[in-house]
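In what follows, a structure is listed as structure tokens, so that the remarks can point back to it.
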Amino acid sequence: MDGEFLTGLPLFQSLPKTELDRLVGAMRVVPLAPEVTLFREGDPGDSFYIVVEGQVAIFQSLEGGDERVLALRGPGEFIGEMSLLNRDGLRTASVRAQEPSRLWELAHCQFDELIRSQPKLAYEMARVLSARMTAAMDLTIQDLQRKNADLARAYQDLKEAQAQIIEKEK
């Protein structure tokens, strides 16, 4: 693994070289073939991942078996952090490879140690998480607006159909 890759990532730019070297030594490589699911929503989470190559989709399952893609993550982006920060430790979404991908995995205990020794890292992670939550909220609002417009059209269609039925009965 190459520590130079990490130095180019905003999340790790504040780390000293010795910490980066230790971090690289602690991570393991996880190869993913296309359409392979790394983890599922609701699974216990014990690792944090950095996408080195390829692309993964972050998605949630909906009623009826449908899926809602929340985001696509590519090289330099991280995933799996939410379960490490949530008290219950459960994954909040599922992750599936979109194309051949390679990730670096960091175990929960190593992640905690890194955050404790490098508090600046926690601030950068909070900044990224805030941006991600804002994007997820915007996506949810767009979905609700679209559904509201669909309901308004259906209501209007029903009103028109009812008016036609009343007119025919007269």
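Chain identifiers are assigned as A, B, and so on, following the order in which chains appear in the structure tokens; residues are numbered from 1 within each chain, and ligands are numbered from 1 in order of appearance.
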**Request:** Apply DSSP to the structure's backbone, then extract all residues of stretch 35-101 of chain A labelled helix (DSSP H, G or I) and return them as a list in words.
**Result:**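 So, restricting stretch 35-101 of chain A to helix (DSSP H, G or I), we get Glu63, Gly64, Gly65, Glu81, Met82, Ser83, Leu84 and Leu85 of chain A.
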**Item:** Long-range neighbours of A:Leu11 as a list of chain:residue names, 9 Å cut-off, only C-alpha atoms, 2 positions minimum in chain
**Value:** A:Leu6, A:Thr7, A:Gly8, A:Leu9, A:Gln13, A:Ser14, A:Leu15, A:Glu77, A:Phe78, A:Leu121, A:Ala122, A:Glu124, A:Met125, A:Val128
**Asked** Where does DSSP see strand (DSSP E) in stretch 27-167 of chain A, if you list the residues as a ChimeraX atom specification?
**Response** /A:28-32,37-39,47-53,56-61,67-73,78-79,94-97,101-107
Now that the selection is made, can you save its residues with N, CA and C atoms as a short mmCIF file (atom, residue, chain, number, x, y, z; two decimals), in the first residue's frame?
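To be explicit, this is the file written out as out08.cif:
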data_model
loop_
_atom_site.label_atom_id
_atom_site.label_comp_id
_atom_site.auth_asym_id
_atom_site.auth_seq_id
_atom_site.Cartn_x
_atom_site.Cartn_y
_atom_site.Cartn_z
N ARG A 28 -5.82 -3.25 5.59
CA ARG A 28 -5.73 -4.38 4.68
C ARG A 28 -6.48 -4.04 3.40
N VAL A 29 -6.07 -4.66 2.30
CA VAL A 29 -6.68 -4.42 1.00
C VAL A 29 -7.90 -5.32 0.85
N VAL A 30 -9.00 -4.73 0.37
CA VAL A 30 -10.24 -5.47 0.11
C VAL A 30 -10.60 -5.30 -1.37
N PRO A 31 -10.41 -6.36 -2.18
CA PRO A 31 -10.83 -6.27 -3.58
C PRO A 31 -12.32 -6.59 -3.70
N LEU A 32 -13.01 -5.89 -4.58
CA LEU A 32 -14.44 -6.13 -4.81
C LEU A 32 -14.70 -6.24 -6.31
N THR A 37 -21.63 -7.01 -2.86
CA THR A 37 -22.02 -6.16 -1.75
C THR A 37 -20.98 -6.28 -0.64
N LEU A 38 -20.44 -5.15 -0.21
CA LEU A 38 -19.44 -5.11 0.86
C LEU A 38 -20.11 -5.30 2.22
N PHE A 39 -21.20 -4.58 2.47
CA PHE A 39 -21.98 -4.75 3.69
C PHE A 39 -23.39 -4.25 3.44
N SER A 47 -15.65 -1.73 10.68
CA SER A 47 -14.55 -1.26 9.83
C SER A 47 -14.94 0.01 9.10
N PHE A 48 -13.92 0.73 8.72
CA PHE A 48 -13.98 1.97 7.95
C PHE A 48 -13.21 1.67 6.67
N TYR A 49 -13.65 2.18 5.54
CA TYR A 49 -13.02 1.86 4.25
C TYR A 49 -12.67 3.13 3.49
N ILE A 50 -11.60 3.03 2.72
CA ILE A 50 -11.21 4.09 1.80
C ILE A 50 -11.19 3.48 0.41
N VAL A 51 -11.89 4.10 -0.53
CA VAL A 51 -11.90 3.61 -1.90
C VAL A 51 -10.58 4.04 -2.55
N VAL A 52 -9.83 3.05 -3.02
CA VAL A 52 -8.55 3.32 -3.68
C VAL A 52 -8.72 3.30 -5.19
N GLU A 53 -9.48 2.33 -5.68
CA GLU A 53 -9.76 2.21 -7.12
C GLU A 53 -11.21 1.80 -7.30
N VAL A 56 -18.07 2.58 -5.79
CA VAL A 56 -19.08 1.84 -5.04
C VAL A 56 -20.33 2.70 -4.90
N ALA A 57 -21.47 2.02 -4.82
CA ALA A 57 -22.75 2.71 -4.63
C ALA A 57 -23.18 2.54 -3.18
N ILE A 58 -23.64 3.63 -2.60
CA ILE A 58 -24.21 3.62 -1.27
C ILE A 58 -25.72 3.64 -1.48
N PHE A 59 -26.43 2.65 -0.93
CA PHE A 59 -27.87 2.60 -1.17
C PHE A 59 -28.62 2.10 0.06
N GLN A 60 -29.91 2.39 0.08
CA GLN A 60 -30.81 1.90 1.12
C GLN A 60 -31.93 1.14 0.45
N SER A 61 -32.40 0.11 1.14
CA SER A 61 -33.51 -0.70 0.63
C SER A 61 -34.82 -0.01 0.97
N GLU A 67 -34.52 -0.14 -4.36
CA GLU A 67 -33.35 0.45 -3.73
C GLU A 67 -33.26 1.92 -4.10
N ARG A 68 -32.73 2.69 -3.17
CA ARG A 68 -32.52 4.12 -3.41
C ARG A 68 -31.03 4.39 -3.30
N VAL A 69 -30.41 4.75 -4.40
CA VAL A 69 -28.98 5.06 -4.38
C VAL A 69 -28.81 6.44 -3.77
N LEU A 70 -28.03 6.49 -2.71
CA LEU A 70 -27.79 7.76 -2.01
C LEU A 70 -26.58 8.49 -2.57
N ALA A 71 -25.58 7.72 -2.97
CA ALA A 71 -24.35 8.34 -3.48
C ALA A 71 -23.48 7.30 -4.15
N LEU A 72 -22.55 7.79 -4.95
CA LEU A 72 -21.49 6.97 -5.52
C LEU A 72 -20.19 7.50 -4.95
N ARG A 73 -19.32 6.60 -4.55
CA ARG A 73 -18.03 6.99 -3.97
C ARG A 73 -16.91 6.39 -4.81
N PHE A 78 -14.19 7.97 1.55
CA PHE A 78 -14.31 6.93 2.58
C PHE A 78 -15.76 6.55 2.79
N ILE A 79 -15.94 5.32 3.30
CA ILE A 79 -17.28 4.77 3.58
C ILE A 79 -17.20 3.96 4.87
N SER A 94 -26.27 0.28 2.68
CA SER A 94 -25.55 -0.83 2.06
C SER A 94 -24.54 -0.27 1.06
N VAL A 95 -23.52 -1.07 0.76
CA VAL A 95 -22.49 -0.66 -0.21
C VAL A 95 -22.25 -1.81 -1.18
N ARG A 96 -22.27 -1.46 -2.47
CA ARG A 96 -22.04 -2.46 -3.53
C ARG A 96 -21.09 -1.87 -4.56
N ALA A 97 -20.17 -2.71 -5.04
CA ALA A 97 -19.22 -2.28 -6.08
C ALA A 97 -19.96 -2.08 -7.39
N SER A 101 -13.24 -2.86 -7.96
CA SER A 101 -12.81 -1.86 -6.98
C SER A 101 -11.81 -2.46 -6.01
N ARG A 102 -11.04 -1.54 -5.42
CA ARG A 102 -10.10 -1.93 -4.38
C ARG A 102 -10.24 -0.91 -3.26
N LEU A 103 -10.41 -1.42 -2.04
CA LEU A 103 -10.58 -0.56 -0.87
C LEU A 103 -9.53 -0.90 0.16
N TRP A 104 -9.25 0.07 1.03
CA TRP A 104 -8.43 -0.19 2.20
C TRP A 104 -9.38 -0.23 3.38
N GLU A 105 -9.16 -1.19 4.26
CA GLU A 105 -10.02 -1.37 5.43
C GLU A 105 -9.23 -1.07 6.70
N LEU A 106 -9.85 -0.31 7.59
CA LEU A 106 -9.27 0.02 8.88
C LEU A 106 -10.26 -0.44 9.95
N ALA A 107 -9.80 -1.28 10.87
CA ALA A 107 -10.66 -1.82 11.93
C ALA A 107 -11.10 -0.72 12.90
#
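Nearest to A:Leu114 of all the residues A:Leu23, A:Gly45, A:Lys17, A:Lys168 is A:Leu23, based on only C-alpha atoms.
Between atom CA of A:Glu99 and atom CA of A:Gln55 the separation is 5.9 Å.
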**Item:** Contact residues around A:Asp21 with only C-alpha atoms at 12 Å, ignoring same-chain residues under 3 positions, as a ChimeraX atom specification
**Value:** /A:1-7,12,15-18,24-27
Using the selection just defined, write its residues with C-alpha atoms as an mmCIF file, in the first residue's frame.
data_model
loop_
_atom_site.group_PDB
_atom_site.id
_atom_site.type_symbol
_atom_site.label_atom_id
_atom_site.label_comp_id
_atom_site.auth_asym_id
_atom_site.auth_seq_id
_atom_site.Cartn_x
_atom_site.Cartn_y
_atom_site.Cartn_z
ATOM 1 C CA MET A 1 0.000 0.000 0.000
ATOM 2 C CA ASP A 2 1.105 3.524 -0.712
ATOM 3 C CA GLY A 3 1.096 6.219 1.956
ATOM 4 C CA GLU A 4 1.426 8.848 -0.783
ATOM 5 C CA PHE A 5 -2.181 8.107 -1.767
ATOM 6 C CA LEU A 6 -3.338 9.027 1.748
ATOM 7 C CA THR A 7 -1.403 12.303 1.825
ATOM 8 C CA PHE A 12 -5.503 12.643 6.146
ATOM 9 C CA LEU A 15 -1.390 13.563 9.715
ATOM 10 C CA PRO A 16 2.365 13.420 10.197
ATOM 11 C CA LYS A 17 4.295 10.956 8.015
ATOM 12 C CA THR A 18 4.935 8.589 10.925
ATOM 13 C CA VAL A 24 -0.965 2.211 6.000
ATOM 14 C CA GLY A 25 0.582 -0.689 7.903
ATOM 15 C CA ALA A 26 -2.635 -1.251 9.838
ATOM 16 C CA MET A 27 -4.951 -1.378 6.817
#
**Item:** Nearest to A:Leu129, chosen from A:Asp46, A:Glu81, A:Glu63, A:Glu35, with only C-alpha atoms counted in the distances
**Value:**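 Smallest separation from A:Leu129 among the options: A:Glu81.
When atom CA of A:Asp138 is paired with atom CA of A:Leu84, their separation reads 23.9 Å.
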**Asked** atom CA of A:Lys170 and atom CA of A:Gln156, how far apart in Å?
**Response**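 Interatomic distance, atom CA of A:Gln156 to atom CA of A:Lys170: 21.3 Å.
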